[in-house]
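Engineer: What follows is structure_26.cif, mmCIF, C-alpha atoms.
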data_start
loop_
_atom_site.label_atom_id
_atom_site.label_comp_id
_atom_site.auth_asym_id
_atom_site.auth_seq_id
_atom_site.Cartn_x
_atom_site.Cartn_y
_atom_site.Cartn_z
CA MET N 1 81.23 20.14 10.87
CA SER N 2 77.96 19.23 12.45
CA ARG N 3 77.87 16.20 14.65
CA ARG N 4 75.50 13.39 13.81
CA HIS N 5 73.67 11.67 16.62
CA LYS N 6 73.92 7.94 16.60
CA LEU N 7 70.48 6.39 16.31
CA SER N 8 69.73 3.58 18.72
CA LYS N 9 66.70 1.30 18.88
CA VAL N 10 65.05 1.89 22.23
CA THR N 11 61.52 1.31 23.44
CA LEU N 12 59.03 3.96 24.45
CA SER N 13 59.26 2.92 28.09
CA GLN N 14 63.09 3.17 28.06
CA ASN N 15 62.96 6.72 26.69
CA ALA N 16 60.38 7.66 29.27
CA ALA N 17 62.54 6.22 32.08
CA ARG N 18 65.59 8.24 30.97
CA MET N 19 63.52 11.42 31.13
CA GLY N 20 62.09 10.50 34.51
CA GLY N 21 58.65 9.86 33.13
CA LYS N 22 56.21 6.92 33.14
CA VAL N 23 54.28 5.24 30.32
CA VAL N 24 50.51 4.99 30.80
CA SER N 25 48.66 2.45 28.67
CA LEU N 26 45.90 4.16 26.68
CA THR N 27 44.16 0.85 26.07
CA GLY N 28 43.84 -0.03 29.75
CA ASP N 29 42.38 -3.51 30.06
CA ARG N 30 41.31 -3.67 26.44
CA GLY N 31 43.97 -6.21 25.61
CA LEU N 32 44.65 -5.10 22.01
CA PRO N 33 44.75 -1.75 20.25
CA GLY N 34 41.31 -0.79 18.97
CA SER N 35 39.46 -3.14 21.29
CA GLN N 36 36.89 -2.14 23.90
CA PRO N 37 36.47 -3.05 27.58
CA GLY N 38 34.52 -6.21 28.23
CA THR N 39 35.23 -7.74 24.83
CA PRO N 40 36.21 -11.43 24.83
CA GLU N 41 39.84 -11.87 23.87
CA ALA N 42 38.89 -14.06 20.91
CA TYR N 43 36.69 -11.29 19.51
CA ALA N 44 39.37 -8.65 20.09
CA ARG N 45 42.07 -10.67 18.34
CA ALA N 46 39.76 -11.34 15.37
CA TRP N 47 38.96 -7.63 14.91
CA SER N 48 42.00 -5.82 16.29
CA GLY N 49 44.97 -8.18 15.96
CA GLY N 50 47.66 -7.28 13.47
CA MET N 51 48.68 -4.10 11.68
CA PHE N 52 45.95 -1.98 10.02
CA ALA N 53 43.22 -4.18 11.49
CA PRO N 54 39.55 -3.36 10.83
CA GLY N 55 38.94 -2.56 14.48
CA GLN N 56 36.25 -3.72 16.80
CA PRO N 57 32.73 -2.42 16.06
CA VAL N 58 30.84 -0.49 18.70
CA LEU N 59 29.45 -2.86 21.29
CA PRO N 60 25.70 -3.50 20.79
CA ASN N 61 23.15 -2.88 23.51
CA ILE N 62 22.42 -6.60 23.60
CA THR N 63 25.42 -8.90 23.33
CA ASP N 64 23.59 -12.17 23.98
CA GLU N 65 23.58 -14.08 20.70
CA ASP N 66 20.56 -16.11 21.80
CA THR N 67 18.35 -13.01 22.13
CA ALA N 68 15.95 -12.74 19.17
CA PRO N 69 16.50 -9.67 16.94
CA ARG N 70 13.95 -6.99 16.10
CA GLN N 71 12.11 -7.45 12.84
CA PHE N 72 12.58 -3.80 11.79
CA ASP N 73 13.51 -0.41 13.26
CA TYR N 74 10.06 0.80 14.30
CA ALA N 75 9.54 4.24 15.85
CA ALA N 76 9.63 4.34 19.64
CA GLY N 77 6.10 4.31 21.05
CA ILE N 78 4.59 3.23 17.71
CA ASN N 79 1.67 1.53 19.50
CA LEU N 80 0.61 4.91 20.92
CA TYR N 81 -0.53 6.10 17.49
CA TYR N 82 -4.29 6.08 17.00
CA THR N 83 -4.83 6.49 13.27
CA PRO N 84 -4.31 3.36 11.13
CA ARG N 85 -1.18 3.65 8.94
CA GLY N 86 0.02 6.58 11.05
CA GLY N 87 3.73 6.59 11.85
CA TYR N 88 4.73 4.49 8.83
CA SER N 89 4.89 7.20 6.11
CA LEU N 90 2.03 5.57 4.21
CA LEU N 91 -0.97 7.08 2.46
CA PRO N 92 -4.15 7.16 4.59
CA PHE N 93 -6.76 4.54 3.79
CA THR N 94 -9.29 7.27 2.98
CA THR N 95 -7.01 8.57 0.23
CA LEU N 96 -6.69 5.12 -1.34
CA ARG N 97 -10.47 4.69 -1.41
CA GLN N 98 -11.00 8.14 -2.88
CA PHE N 99 -8.51 7.43 -5.65
CA ALA N 100 -10.23 4.12 -6.41
CA ASP N 101 -13.58 5.90 -6.72
CA LEU N 102 -12.38 8.93 -8.67
CA CYS N 103 -9.99 7.23 -11.10
CA GLU N 104 -12.09 5.25 -13.57
CA GLU N 105 -9.10 3.21 -14.79
CA ILE N 106 -8.55 1.85 -11.28
CA ARG N 107 -12.23 1.09 -10.81
CA ILE N 108 -12.45 -0.70 -14.17
CA VAL N 109 -9.50 -2.98 -13.35
CA VAL N 110 -10.64 -3.62 -9.77
CA GLU N 111 -14.11 -4.65 -10.92
CA ALA N 112 -12.65 -6.82 -13.70
CA VAL N 113 -10.43 -8.67 -11.20
CA LYS N 114 -13.35 -9.14 -8.81
CA ARG N 115 -15.64 -10.50 -11.51
CA GLU N 116 -13.13 -12.98 -12.88
CA THR N 117 -12.36 -14.18 -9.35
CA ARG N 118 -16.04 -14.58 -8.55
CA ALA N 119 -16.50 -16.64 -11.71
CA LEU N 120 -14.13 -19.36 -10.44
CA THR N 121 -15.64 -22.52 -8.95
CA TRP N 122 -14.50 -23.93 -5.60
CA ASP N 123 -14.70 -27.11 -3.56
CA ILE N 124 -13.58 -28.78 -0.32
CA VAL N 125 -10.91 -31.40 -1.02
CA PRO N 126 -8.47 -33.55 1.01
CA GLU N 127 -5.21 -31.83 1.84
CA ASN N 128 -3.27 -34.87 0.62
CA GLN N 129 -4.23 -35.92 -2.89
CA ASP N 130 -3.29 -39.51 -2.07
CA ASP N 131 -5.71 -39.59 0.86
CA ASP N 132 -8.41 -42.08 -0.18
CA ARG N 133 -10.48 -41.90 3.01
CA ASP N 134 -14.18 -41.11 2.75
CA TYR N 135 -14.93 -37.52 3.74
CA THR N 136 -18.31 -37.31 2.01
CA VAL N 137 -20.29 -36.29 5.10
CA GLU N 138 -17.71 -33.81 6.34
CA LYS N 139 -17.25 -32.20 2.93
CA ALA N 140 -21.01 -31.82 2.52
CA ARG N 141 -21.21 -30.08 5.90
CA LEU N 142 -18.39 -27.70 5.01
CA ARG N 143 -19.85 -26.90 1.59
CA GLU N 144 -23.13 -26.00 3.26
CA TRP N 145 -21.34 -23.76 5.79
CA TRP N 146 -19.39 -21.96 3.06
CA ARG N 147 -22.62 -21.04 1.28
CA TYR N 148 -23.15 -18.43 4.04
CA PRO N 149 -19.81 -17.83 5.79
CA ASP N 150 -21.19 -15.18 8.14
CA GLY N 151 -24.53 -16.90 8.60
CA GLN N 152 -26.55 -14.60 6.36
CA THR N 153 -24.53 -13.38 3.35
CA GLU N 154 -23.99 -15.62 0.33
CA PHE N 155 -20.41 -16.56 -0.39
CA ASP N 156 -20.26 -14.59 -3.64
CA ALA N 157 -21.22 -11.29 -1.98
CA TRP N 158 -19.14 -12.10 1.11
CA GLN N 159 -16.01 -12.65 -0.99
CA ASN N 160 -16.69 -9.55 -3.09
CA ALA N 161 -16.43 -7.38 0.04
CA LEU N 162 -13.10 -9.01 0.93
CA LEU N 163 -11.74 -8.45 -2.58
CA GLU N 164 -12.63 -4.74 -2.44
CA ASP N 165 -10.56 -4.19 0.71
CA MET N 166 -7.80 -6.43 -0.58
CA LEU N 167 -7.38 -4.71 -3.95
CA VAL N 168 -7.96 -1.09 -2.94
CA CYS N 169 -6.54 -0.90 0.60
CA ASP N 170 -4.69 -4.22 1.00
CA ALA N 171 -6.34 -4.62 4.39
CA LEU N 172 -8.39 -7.83 4.10
CA THR N 173 -9.89 -8.54 7.53
CA VAL N 174 -12.12 -11.35 8.86
CA TYR N 175 -13.43 -11.60 12.42
CA ILE N 176 -14.06 -15.11 13.76
CA GLU N 177 -17.09 -15.27 16.02
CA GLY N 178 -18.32 -18.32 17.89
CA SER N 179 -16.99 -21.86 17.54
CA GLY N 180 -17.94 -25.26 16.18
CA ASP N 181 -21.07 -25.35 14.03
CA GLY N 182 -21.95 -21.85 15.33
CA LEU N 183 -18.75 -20.31 13.98
CA ARG N 184 -19.20 -17.26 11.77
CA ALA N 185 -16.61 -15.44 9.64
CA LEU N 186 -17.58 -11.77 9.55
CA THR N 187 -16.09 -9.32 7.07
CA MET N 188 -14.70 -6.18 8.71
CA ASP N 189 -13.54 -2.83 7.43
CA GLY N 190 -9.78 -3.32 7.46
CA THR N 191 -9.15 0.44 7.29
CA LEU N 192 -10.24 0.68 10.95
CA ILE N 193 -7.62 -1.81 12.14
CA ARG N 194 -4.21 -0.81 13.48
CA PRO N 195 -1.74 -3.69 13.98
CA LEU N 196 0.19 -3.59 17.25
CA LEU N 197 3.82 -4.64 17.71
CA ASP N 198 5.67 -6.50 20.43
CA TYR N 199 9.19 -5.61 21.57
CA ARG N 200 10.69 -7.42 18.56
CA GLY N 201 8.52 -5.50 16.11
CA MET N 202 6.39 -8.56 15.32
CA THR N 203 2.69 -9.37 15.74
CA PRO N 204 2.07 -10.41 19.39
CA MET N 205 0.75 -13.89 20.03
CA PRO N 206 -2.31 -14.62 22.23
CA PRO N 207 -3.26 -13.73 24.88
CA VAL N 208 -1.52 -10.41 24.05
CA PRO N 209 -3.72 -8.20 21.82
CA ALA N 210 -2.36 -7.92 18.26
CA TYR N 211 -4.83 -5.50 16.67
CA MET N 212 -6.75 -2.40 17.68
CA GLN N 213 -9.92 -1.08 16.09
CA TYR N 214 -10.10 2.68 15.56
CA VAL N 215 -13.66 4.09 15.62
CA LYS N 216 -14.84 7.71 15.94
CA GLY N 217 -11.34 8.89 16.79
CA ARG N 218 -11.00 6.45 19.69
CA ASN N 219 -9.30 3.15 20.37
CA TRP N 220 -12.45 1.06 20.28
CA GLN N 221 -11.43 -2.53 20.96
CA TRP N 222 -8.49 -4.97 21.11
CA PHE N 223 -8.28 -8.26 19.20
CA THR N 224 -5.96 -11.25 19.34
CA THR N 225 -4.76 -13.25 16.33
CA ASN N 226 -7.06 -16.18 17.15
CA ARG N 227 -10.10 -13.93 16.66
CA LEU N 228 -9.10 -11.44 14.00
CA LEU N 229 -7.56 -12.55 10.70
CA TYR N 230 -5.76 -9.49 9.29
CA ARG N 231 -4.17 -10.47 5.99
CA PRO N 232 -2.22 -7.93 3.87
CA PHE N 233 -1.30 -9.23 0.41
CA ASN N 234 1.74 -7.10 -0.46
CA THR N 235 3.72 -7.46 2.76
CA SER N 236 7.16 -6.21 3.80
CA THR N 237 9.42 -6.45 6.85
CA GLY N 238 9.37 -2.69 7.46
CA SER N 239 5.64 -2.34 8.18
CA PRO N 240 2.74 -4.47 9.46
CA TYR N 241 0.54 -2.92 6.76
CA GLY N 242 0.20 -4.03 3.17
CA LYS N 243 0.84 -1.83 0.16
CA SER N 244 -2.02 -1.29 -2.23
CA ALA N 245 -1.37 -1.52 -5.96
CA ILE N 246 -2.68 2.06 -6.19
CA GLU N 247 0.46 3.20 -4.40
CA PHE N 248 2.61 1.72 -7.17
CA PHE N 249 1.57 4.50 -9.57
CA ILE N 250 0.14 7.11 -7.23
CA LEU N 251 1.56 10.09 -9.10
CA ARG N 252 -0.02 8.97 -12.37
CA VAL N 253 -3.34 8.38 -10.60
CA ASN N 254 -3.28 11.92 -9.21
CA GLU N 255 -2.43 13.29 -12.65
CA ALA N 256 -5.26 11.38 -14.34
CA ILE N 257 -7.82 12.55 -11.78
CA ARG N 258 -6.79 16.19 -12.15
CA ARG N 259 -6.86 15.95 -15.94
CA LYS N 260 -10.40 14.53 -15.92
CA MET N 261 -11.63 17.09 -13.37
CA SER N 262 -10.21 19.92 -15.47
CA ALA N 263 -11.94 18.61 -18.57
CA ALA N 264 -15.22 18.23 -16.68
CA GLN N 265 -15.06 21.77 -15.33
CA TYR N 266 -14.65 23.09 -18.86
CA TRP N 267 -18.23 22.11 -19.70
CA ASP N 268 -19.70 22.41 -16.19
CA GLN N 269 -22.87 24.57 -15.89
CA THR N 270 -22.11 26.73 -18.92
CA ASN N 271 -21.52 26.53 -22.65
CA ILE N 272 -19.11 29.48 -22.62
CA PRO N 273 -15.53 28.27 -23.02
CA GLU N 274 -12.47 29.99 -21.58
CA MET N 275 -11.92 33.17 -23.56
CA LEU N 276 -10.20 36.53 -23.56
CA ALA N 277 -12.29 39.39 -25.00
CA GLY N 278 -10.70 42.70 -26.02
CA LEU N 279 -11.99 46.10 -24.90
CA PRO N 280 -11.13 49.62 -26.12
CA ASP N 281 -7.70 50.67 -24.93
CA THR N 282 -9.15 54.00 -23.78
CA TRP N 283 -11.00 52.28 -20.93
CA THR N 284 -9.61 52.74 -17.48
CA THR N 285 -8.96 49.93 -15.04
CA GLN N 286 -12.07 50.87 -13.08
CA GLN N 287 -14.23 50.73 -16.22
CA ILE N 288 -12.89 47.29 -17.09
CA GLU N 289 -13.56 46.05 -13.55
CA ASP N 290 -17.11 47.44 -13.57
CA PHE N 291 -17.86 45.80 -16.90
CA GLN N 292 -16.33 42.52 -15.71
CA ASN N 293 -18.60 42.53 -12.65
CA TYR N 294 -21.59 43.32 -14.83
CA TRP N 295 -20.77 40.42 -17.17
CA ASP N 296 -20.23 37.96 -14.33
CA ALA N 297 -23.58 38.95 -12.84
CA LEU N 298 -25.26 37.86 -16.08
CA LEU N 299 -24.05 34.28 -15.60
CA THR N 300 -26.14 31.88 -13.58
CA GLY N 301 -25.00 29.14 -11.22
CA ASP N 302 -21.94 28.80 -9.03
CA ILE N 303 -19.23 28.87 -11.69
CA ASP N 304 -15.53 28.90 -11.01
CA LYS N 305 -14.14 32.30 -11.97
CA LEU N 306 -11.26 30.62 -13.74
CA ARG N 307 -13.80 29.32 -16.23
CA ARG N 308 -15.36 32.71 -16.96
CA MET N 309 -14.62 35.04 -19.85
CA LYS N 310 -11.96 37.63 -19.01
CA PHE N 311 -11.62 41.15 -20.43
CA MET N 312 -8.51 43.20 -21.17
CA PRO N 313 -7.64 46.40 -23.05
CA THR N 314 -6.76 46.17 -26.75
CA HIS N 315 -5.22 48.51 -29.29
CA GLY N 316 -6.73 49.78 -32.53
CA GLY N 317 -10.32 49.86 -31.34
CA GLN N 318 -10.94 46.22 -32.29
CA LEU N 319 -12.62 43.74 -29.95
CA PRO N 320 -11.04 40.36 -30.69
CA VAL N 321 -12.08 37.24 -28.76
CA TYR N 322 -9.50 34.57 -28.04
CA GLU N 323 -10.28 31.09 -26.78
CA VAL N 324 -7.59 30.20 -24.25
CA ARG N 325 -7.89 26.49 -23.83
CA ARG N 326 -10.04 23.57 -24.89
CA PRO N 327 -9.75 20.01 -23.58
CA GLY N 328 -7.86 17.92 -26.12
CA ASP N 329 -8.16 14.30 -27.11
CA THR N 330 -6.81 12.17 -24.25
CA ALA N 331 -7.62 8.73 -25.71
CA GLN N 332 -3.98 7.66 -25.85
CA GLN N 333 -3.31 8.88 -22.31
CA ASP N 334 -6.41 7.10 -21.02
CA GLU N 335 -5.42 3.83 -22.72
CA TRP N 336 -1.88 4.06 -21.37
CA MET N 337 -3.27 4.73 -17.88
CA LEU N 338 -5.57 1.72 -18.17
CA ARG N 339 -2.66 -0.51 -19.23
CA LEU N 340 -0.60 0.78 -16.31
CA ALA N 341 -3.42 0.01 -13.89
CA CYS N 342 -3.72 -3.51 -15.33
CA TRP N 343 -0.06 -4.30 -14.74
CA CYS N 344 -0.05 -2.83 -11.23
CA PHE N 345 -3.02 -4.98 -10.24
CA GLY N 346 -1.65 -8.10 -11.94
CA PHE N 347 -4.30 -8.07 -14.66
CA LEU N 348 -3.39 -8.49 -18.31
CA PRO N 349 -4.59 -5.65 -20.60
CA SER N 350 -5.70 -8.26 -23.14
CA GLU N 351 -8.49 -9.26 -20.74
CA LEU N 352 -10.00 -5.83 -21.40
CA GLY N 353 -9.46 -6.04 -25.16
CA LEU N 354 -6.24 -4.01 -25.15
CA VAL N 355 -4.12 -6.14 -27.47
CA ALA N 356 -0.93 -4.79 -29.04
CA GLY N 357 -1.03 -4.75 -32.83
CA LYS N 358 -3.97 -5.72 -35.01
CA GLY N 359 -6.19 -8.74 -34.70
CA LEU N 360 -7.12 -10.90 -31.75
CA GLY N 361 -4.45 -13.57 -32.27
CA GLY N 362 -4.88 -17.30 -32.77
CA ALA N 363 -5.63 -20.11 -30.35
CA GLY N 364 -1.97 -20.35 -29.30
CA PHE N 365 -1.86 -16.66 -28.51
CA MET N 366 -5.00 -16.81 -26.38
CA GLU N 367 -3.76 -19.90 -24.53
CA GLY N 368 -0.47 -18.18 -23.81
CA GLN N 369 -2.33 -15.13 -22.53
CA GLU N 370 -4.40 -17.29 -20.18
CA ASN N 371 -1.28 -18.93 -18.77
CA ALA N 372 0.41 -15.58 -18.30
CA GLN N 373 -2.72 -14.20 -16.66
CA TYR N 374 -2.71 -16.99 -14.09
CA ARG N 375 1.03 -16.81 -13.37
CA PHE N 376 1.16 -13.03 -13.21
CA GLY N 377 -2.13 -12.11 -11.58
CA PHE N 378 -4.64 -14.72 -10.52
CA GLY N 379 -2.18 -17.41 -9.45
CA PRO N 380 -0.72 -15.52 -6.46
CA MET N 381 -4.05 -13.96 -5.54
CA ILE N 382 -6.02 -17.20 -5.67
CA GLN N 383 -3.33 -18.98 -3.65
CA PHE N 384 -3.57 -16.19 -1.08
CA LEU N 385 -7.36 -16.57 -0.80
CA GLN N 386 -7.14 -20.36 -0.65
CA ASN N 387 -4.76 -20.18 2.31
CA LEU N 388 -7.11 -17.79 4.13
CA TYR N 389 -10.20 -19.91 3.46
CA THR N 390 -8.34 -23.07 4.46
CA THR N 391 -7.41 -21.44 7.77
CA ILE N 392 -11.11 -20.80 8.42
CA THR N 393 -12.00 -24.32 7.27
CA ARG N 394 -9.55 -25.84 9.77
CA ARG N 395 -11.44 -24.15 12.58
CA LEU N 396 -14.59 -25.92 11.45
CA THR N 397 -13.26 -29.46 11.23
CA GLY N 398 -10.57 -31.72 12.54
CA ALA N 399 -10.36 -33.57 9.22
CA PRO N 400 -7.38 -32.85 6.91
CA LEU N 401 -9.47 -30.94 4.38
CA CYS N 402 -8.71 -27.68 2.61
CA TRP N 403 -10.47 -25.11 0.43
CA ARG N 404 -9.70 -25.11 -3.28
#
Step by step, read the file and then write its structure as structure tokens.
Structural biologist:
Amino acid sequence: MSRRHKLSKVTLSQNAARMGGKVVSLTGDRGLPGSQPGTPEAYARAWSGGMFAPGQPVLPNITDEDTAPRQFDYAAGINLYYTPRGGYSLLPFTTLRQFADLCEEIRIVVEAVKRETRALTWDIVPENQDDDRDYTVEKARLREWWRYPDGQTEFDAWQNALLEDMLVCDALTVYIEGSGDGLRALTMDGTLIRPLLDYRGMTPMPPVPAYMQYVKGRNWQWFTTNRLLYRPFNTSTGSPYGKSAIEFFILRVNEAIRRKMSAAQYWDQTNIPEMLAGLPDTWTTQQIEDFQNYWDALLTGDIDKLRRMKFMPTHGGQLPVYEVRRPGDTAQQDEWMLRLACWCFGFLPSELGLVAGKGLGGAGFMEGQENAQYRFGFGPMIQFLQNLYTTITRRLTGAPLCWR
């Protein structure tokens, strides 16, 4: 019979002592299993106390709870970039402007939004509606100043330039020059501005420069927030830049531009469509090439070879001609693209006459469309502009007046 060993409950240290060994604590001064050196005991017990505990997370670089956090995880040395939008995985400003010029659906919607905004009336009013003090003189002075915000351009044209940069590039920028009655609000090309970041990833406050102008491939000048008003509309915590509505449907924009360019090339400089013409099958490759060169030489103008007639051998001695491709009717695609552009820019398709179904609808329908238009598109945009114009107004007066 085999002998069974009697099991006894002994500790790890007792077994080690019997064998002449010594127990070394693997946790050292950590206090509890799973804890790390330097951790307060209260933290260690909360994370590591008990069986199957979650364990203490890796200690952060900064353990002071009163230290402000970073706004987002920006790339190290992000302020060393020269090109605006560089380092943020965003489309270049030049690309956005090219798309706005080449895609007619975008241009139609942008101009429609600008015209409806320019048609709105405005005034200088007290900030508090219950304020019954007399601001007649001050309001008259401000109304006169706002007729020419930069000292020479009428408000309508001045605002139109801001709307272009706001809608296409989302880089509305105003430079404040002078002070008091000599203050001028100058429109600037926002695509030349690169926002700088402080250690927290936020816009630095004066006297630290917050913006840098990029001109001719060089860092041209620094600006602080009390001089340069850089106002993106579609903001996010992960980037100091705004996001243009064009970027919402960039793939469709690219597709529409290519489709229109292909259709235009079909009729460009020649009335000969894309064809394949048959040649006798007894011709050699060299004969076909020579005849192709001869035929191409007959054509005038700089024509893309893809749009020229091509020759190939054929059987039976016949010379058939096949038209390869002709631009089709794209009316439905164009209308769908226009509707998509309207929704991306916050503009109702009904404002352009694109109404679902037949008929124009009754008075209730039109009133509902106007309310939806304001809530969806013009409401947020007008509020955005009012806040910007009120900021400028406050620099002109000490009275509690705002721009509406």
Engineer: To verify the selection step, state as a ChimeraX atom specification which residues the PyMOL selection byres ((chain N and resi 243-252) around 10) yields on this input.
Structural biologist: /N:90-91,93,96-97,99-100,106,165-171,232-236,239-242,253-258,337,340-346
Engineer: Please provide the set of residues having any atom within 7 Å of Trp222 (chain N), restricted to all atoms listed in the file, with same-chain residues fewer than 3 positions apart removed, written as JSON, numbers by chain.
Structural biologist: {"N": [209, 211, 212, 213]}
Engineer: Could you name the residues that touch region 173-184 of chain N at 7 Å or less, counting all atoms listed in the file, but leaving out those on the same chain fewer than 5 positions away, as number ranges by chain?
Structural biologist: N: 149-151, 189-190, 227-231, 396
Engineer: For Thr83 (chain N), find every residue with an atom within 12 Å (counting only C-alpha atoms), except residues of its own chain fewer than 4 positions away, and show them as a short mmCIF file (atom, residue, chain, number, x, y, z; two decimals) with C-alpha atoms, keeping the file's coordinate frame.
Structural biologist:
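The new file around37.cif reads:
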data_model
loop_
_atom_site.label_atom_id
_atom_site.label_comp_id
_atom_site.auth_asym_id
_atom_site.auth_seq_id
_atom_site.Cartn_x
_atom_site.Cartn_y
_atom_site.Cartn_z
CA ILE N 78 4.59 3.23 17.71
CA ASN N 79 1.67 1.53 19.50
CA GLY N 87 3.73 6.59 11.85
CA TYR N 88 4.73 4.49 8.83
CA LEU N 90 2.03 5.57 4.21
CA LEU N 91 -0.97 7.08 2.46
CA PRO N 92 -4.15 7.16 4.59
CA PHE N 93 -6.76 4.54 3.79
CA THR N 94 -9.29 7.27 2.98
CA THR N 191 -9.15 0.44 7.29
CA LEU N 192 -10.24 0.68 10.95
CA ILE N 193 -7.62 -1.81 12.14
CA ARG N 194 -4.21 -0.81 13.48
CA PRO N 195 -1.74 -3.69 13.98
CA LEU N 196 0.19 -3.59 17.25
CA MET N 212 -6.75 -2.40 17.68
CA GLN N 213 -9.92 -1.08 16.09
CA TYR N 214 -10.10 2.68 15.56
CA VAL N 215 -13.66 4.09 15.62
CA LYS N 216 -14.84 7.71 15.94
CA GLY N 217 -11.34 8.89 16.79
CA ARG N 218 -11.00 6.45 19.69
CA ASN N 219 -9.30 3.15 20.37
CA TRP N 220 -12.45 1.06 20.28
#
Engineer: One number please: CA of Gly398 (chain N) to CA of Ile124 (chain N), in Å, one decimal.
Structural biologist: 13.5 Å
Engineer: With only C-alpha atoms as the atoms that count, which of N:Arg141, N:Arg404, N:Lys114, N:Arg133 lies nearest to Trp158 (chain N)?
Structural biologist: N:Lys114
Engineer: Taking all atoms listed in the file into account, name the residue in N:Gly55, N:Tyr81, N:Thr330, N:Ile392 that is nearest to Ala263 (chain N).
Structural biologist: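 Nearest to Ala263 (chain N): N:Thr330.
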Engineer: Please, what distance in Å, to one decimal, runs between CA of Arg115 (chain N) and CA of Arg339 (chain N)?
Structural biologist: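 A separation of 18.1 Å between them.
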Engineer: Kindly add all heavy atoms to the incomplete region 208-213 of chain N and provide the output as a PDB file, in the frame of the given file.
Structural biologist:
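File rebuild-v7.pdb, as written:
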ATOM      1  N   VAL N 208      -1.819 -11.836  24.235  1.00  0.00           N
ATOM      2  CA  VAL N 208      -1.520 -10.410  24.050  1.00  0.00           C
ATOM      3  C   VAL N 208      -2.301  -9.889  22.846  1.00  0.00           C
ATOM      4  O   VAL N 208      -2.261 -10.506  21.779  1.00  0.00           O
ATOM      5  CB  VAL N 208      -0.010 -10.197  23.852  1.00  0.00           C
ATOM      6  CG1 VAL N 208       0.296  -8.702  23.678  1.00  0.00           C
ATOM      7  CG2 VAL N 208       0.766 -10.770  25.012  1.00  0.00           C
ATOM      8  N   PRO N 209      -2.999  -8.760  22.969  1.00  0.00           N
ATOM      9  CA  PRO N 209      -3.720  -8.200  21.820  1.00  0.00           C
ATOM     10  C   PRO N 209      -2.764  -7.863  20.673  1.00  0.00           C
ATOM     11  O   PRO N 209      -1.666  -7.357  20.887  1.00  0.00           O
ATOM     12  CB  PRO N 209      -4.375  -6.933  22.372  1.00  0.00           C
ATOM     13  CG  PRO N 209      -4.467  -7.167  23.847  1.00  0.00           C
ATOM     14  CD  PRO N 209      -3.261  -7.981  24.199  1.00  0.00           C
ATOM     15  N   ALA N 210      -3.184  -8.154  19.448  1.00  0.00           N
ATOM     16  CA  ALA N 210      -2.360  -7.920  18.260  1.00  0.00           C
ATOM     17  C   ALA N 210      -2.919  -6.832  17.366  1.00  0.00           C
ATOM     18  O   ALA N 210      -2.182  -6.288  16.537  1.00  0.00           O
ATOM     19  CB  ALA N 210      -2.214  -9.211  17.459  1.00  0.00           C
ATOM     20  N   TYR N 211      -4.195  -6.491  17.535  1.00  0.00           N
ATOM     21  CA  TYR N 211      -4.830  -5.500  16.670  1.00  0.00           C
ATOM     22  C   TYR N 211      -5.733  -4.596  17.502  1.00  0.00           C
ATOM     23  O   TYR N 211      -6.268  -5.006  18.533  1.00  0.00           O
ATOM     24  CB  TYR N 211      -5.657  -6.173  15.570  1.00  0.00           C
ATOM     25  CG  TYR N 211      -4.874  -7.170  14.755  1.00  0.00           C
ATOM     26  CD1 TYR N 211      -5.019  -8.536  14.967  1.00  0.00           C
ATOM     27  CD2 TYR N 211      -3.978  -6.748  13.786  1.00  0.00           C
ATOM     28  CE1 TYR N 211      -4.290  -9.452  14.233  1.00  0.00           C
ATOM     29  CE2 TYR N 211      -3.243  -7.656  13.047  1.00  0.00           C
ATOM     30  CZ  TYR N 211      -3.409  -9.007  13.283  1.00  0.00           C
ATOM     31  OH  TYR N 211      -2.673  -9.901  12.546  1.00  0.00           O
ATOM     32  N   MET N 212      -5.902  -3.377  17.015  1.00  0.00           N
ATOM     33  CA  MET N 212      -6.750  -2.400  17.680  1.00  0.00           C
ATOM     34  C   MET N 212      -7.683  -1.780  16.640  1.00  0.00           C
ATOM     35  O   MET N 212      -7.236  -1.388  15.563  1.00  0.00           O
ATOM     36  CB  MET N 212      -5.886  -1.323  18.329  1.00  0.00           C
ATOM     37  CG  MET N 212      -6.658  -0.239  19.050  1.00  0.00           C
ATOM     38  SD  MET N 212      -5.532   0.916  19.883  1.00  0.00           S
ATOM     39  CE  MET N 212      -4.676   1.605  18.461  1.00  0.00           C
ATOM     40  N   GLN N 213      -8.956  -1.706  16.982  1.00  0.00           N
ATOM     41  CA  GLN N 213      -9.920  -1.080  16.090  1.00  0.00           C
ATOM     42  C   GLN N 213     -10.077   0.393  16.449  1.00  0.00           C
ATOM     43  O   GLN N 213     -10.201   0.759  17.616  1.00  0.00           O
ATOM     44  CB  GLN N 213     -11.278  -1.773  16.168  1.00  0.00           C
ATOM     45  CG  GLN N 213     -12.256  -1.306  15.102  1.00  0.00           C
ATOM     46  CD  GLN N 213     -13.582  -2.028  15.166  1.00  0.00           C
ATOM     47  OE1 GLN N 213     -14.073  -2.347  16.246  1.00  0.00           O
ATOM     48  NE2 GLN N 213     -14.174  -2.294  14.018  1.00  0.00           N
TER      49      GLN N 213
END
